[in-house]
Amino acid sequence: MPELPEVETVRRGLNRLVSGATIASIEVFWPKIINNDVDSFKQRLANQTIQTIDRRGKYLLFRFSNGLTMVSHLRMEGKYNVVPRGEDQGKHTHVIFHLTDDRDLLYNDTRKFGRMTLVPTGEETRWRDCGQLARNPLLNS
């Protein structure tokens with residue numbers, strides 16, 4: 001499982017790469033990674049812009065233009081990669097977010113332990129373990 005500083009590094013990198021990008025469509029190859037209904041998940045995120053990516057503990061919080069937040073936990077071996085459209089996805093890619101700028105945001109997880117769920121923005125703390133976390137130790141406040 002990535003440690004907290006590694007998750008923060010992932011967040012910063014993703015924020016730099018995909019903040020402002022719009023999702024054209026989503027492919028899900030391992031439905032158990034999505035805690036919501038998969039079809040609803042795909043429909044609700046289609047044509048939405050990633051406004052920013054925040055973090056609460058080891059959870060990544062993808063904030064979208066429609067007032068939804070995707071809560072994502074990498075668990076043991078989850079990874080996000082941004083690649084040009086059409087590049088080989090690799091054996092363990094389970095979710096592909098096709099972006100409108102001809103790039104793909106890939107979620108890879110060899111053990112398939114990672115999870116994603118959609119919640120209304122502002123209600124992340126009501127979702128399972130995310131709400132039981134202490135203050136952020138990497139903030140200066």
# chains A, B, ... in the order shown; residues from 1 in each chain; ligands from 1
call {"tool": "select_by_dssp", "arguments": {"residues": "segment 26-113 of chain A", "states": "alpha helix (DSSP H)", "output": "ChimeraX atom specification"}}
result
/A:38-45
call {"tool": "write_last_selection", "arguments": {"atoms": "C-alpha atoms", "output": "compact mmCIF listing (two decimals), in the first residue's frame"}}
result
# COMPACT_ATOMS: atom_id res chain seq x y z
CA VAL A 38 -21.10 0.76 -13.44
CA ASP A 39 -23.44 2.12 -16.13
CA SER A 40 -24.49 4.99 -13.89
CA PHE A 41 -20.83 5.69 -13.02
CA LYS A 42 -19.94 5.91 -16.71
CA GLN A 43 -22.95 8.06 -17.63
CA ARG A 44 -22.52 10.50 -14.75
CA LEU A 45 -18.86 11.17 -15.59
call {"tool": "closest_atom_pairs", "arguments": {"of": "segment 1-39 of chain A", "to": "segment 66-86 of chain A", "cutoff": "10 Å", "atoms": "only C-alpha atoms", "output": "tab-separated table"}}
result
residue	atom	partner	partner_atom	distance
A:Met1	CA	A:Met76	CA	3.9
A:Pro2	CA	A:Met76	CA	6.8
A:Val7	CA	A:Leu74	CA	8.4
A:Val10	CA	A:Tyr80	CA	8.1
A:Arg11	CA	A:Tyr80	CA	9.8
A:Gly13	CA	A:Tyr80	CA	9.8
A:Leu14	CA	A:Tyr80	CA	7.9
A:Leu17	CA	A:Val82	CA	7.5
A:Val18	CA	A:Val82	CA	8.1
A:Ile33	CA	A:Ser72	CA	9.5
A:Ile34	CA	A:Ser72	CA	9.3
A:Asn35	CA	A:Val71	CA	9.9
call {"tool": "closest_residue", "arguments": {"among": "A:Lys91, A:Arg103, A:Arg63, A:Leu4", "to": "Glu124 of chain A", "atoms": "only C-alpha atoms"}}
result
A:Arg63
call {"tool": "residues_around", "arguments": {"residues": "segment 19-26 of chain A", "least_positions_apart": "5", "cutoff": "6 Å", "atoms": "only C-alpha atoms", "output": "tab-separated table (two decimals) with C-alpha atoms, in the first residue's frame"}}
result
chain	number	residue	atom	x	y	z
A	42	LYS	CA	-19.94	5.91	-16.71
A	46	ALA	CA	-19.19	11.37	-19.38
A	47	ASN	CA	-18.56	14.92	-20.64
A	48	GLN	CA	-17.51	16.10	-17.17
A	49	THR	CA	-14.37	18.13	-16.52
A	50	ILE	CA	-11.89	17.21	-13.81
A	51	GLN	CA	-11.67	20.46	-11.88
A	52	THR	CA	-9.01	19.39	-9.40
A	96	ILE	CA	-9.89	3.72	-18.83
A	97	PHE	CA	-11.05	7.33	-18.75
A	98	HIS	CA	-10.93	8.50	-22.38
A	99	LEU	CA	-10.23	12.24	-22.36
A	100	THR	CA	-11.40	14.62	-25.09
call {"tool": "atom_distance", "arguments": {"atom1": "atom CA of Arg16 of chain A", "atom2": "atom CA of Leu61 of chain A"}}
result
14.3 Å
call {"tool": "select_by_dssp", "arguments": {"residues": "segment 12-60 of chain A", "states": "strand (DSSP E or B)", "output": "list of chain:residue names"}}
result
A:Thr22, A:Ile23, A:Ala24, A:Ser25, A:Ile26, A:Glu27, A:Val28, A:Ile34, A:Thr49, A:Ile50, A:Gln51, A:Thr52, A:Ile53, A:Asp54, A:Arg55, A:Arg56, A:Tyr59, A:Leu60
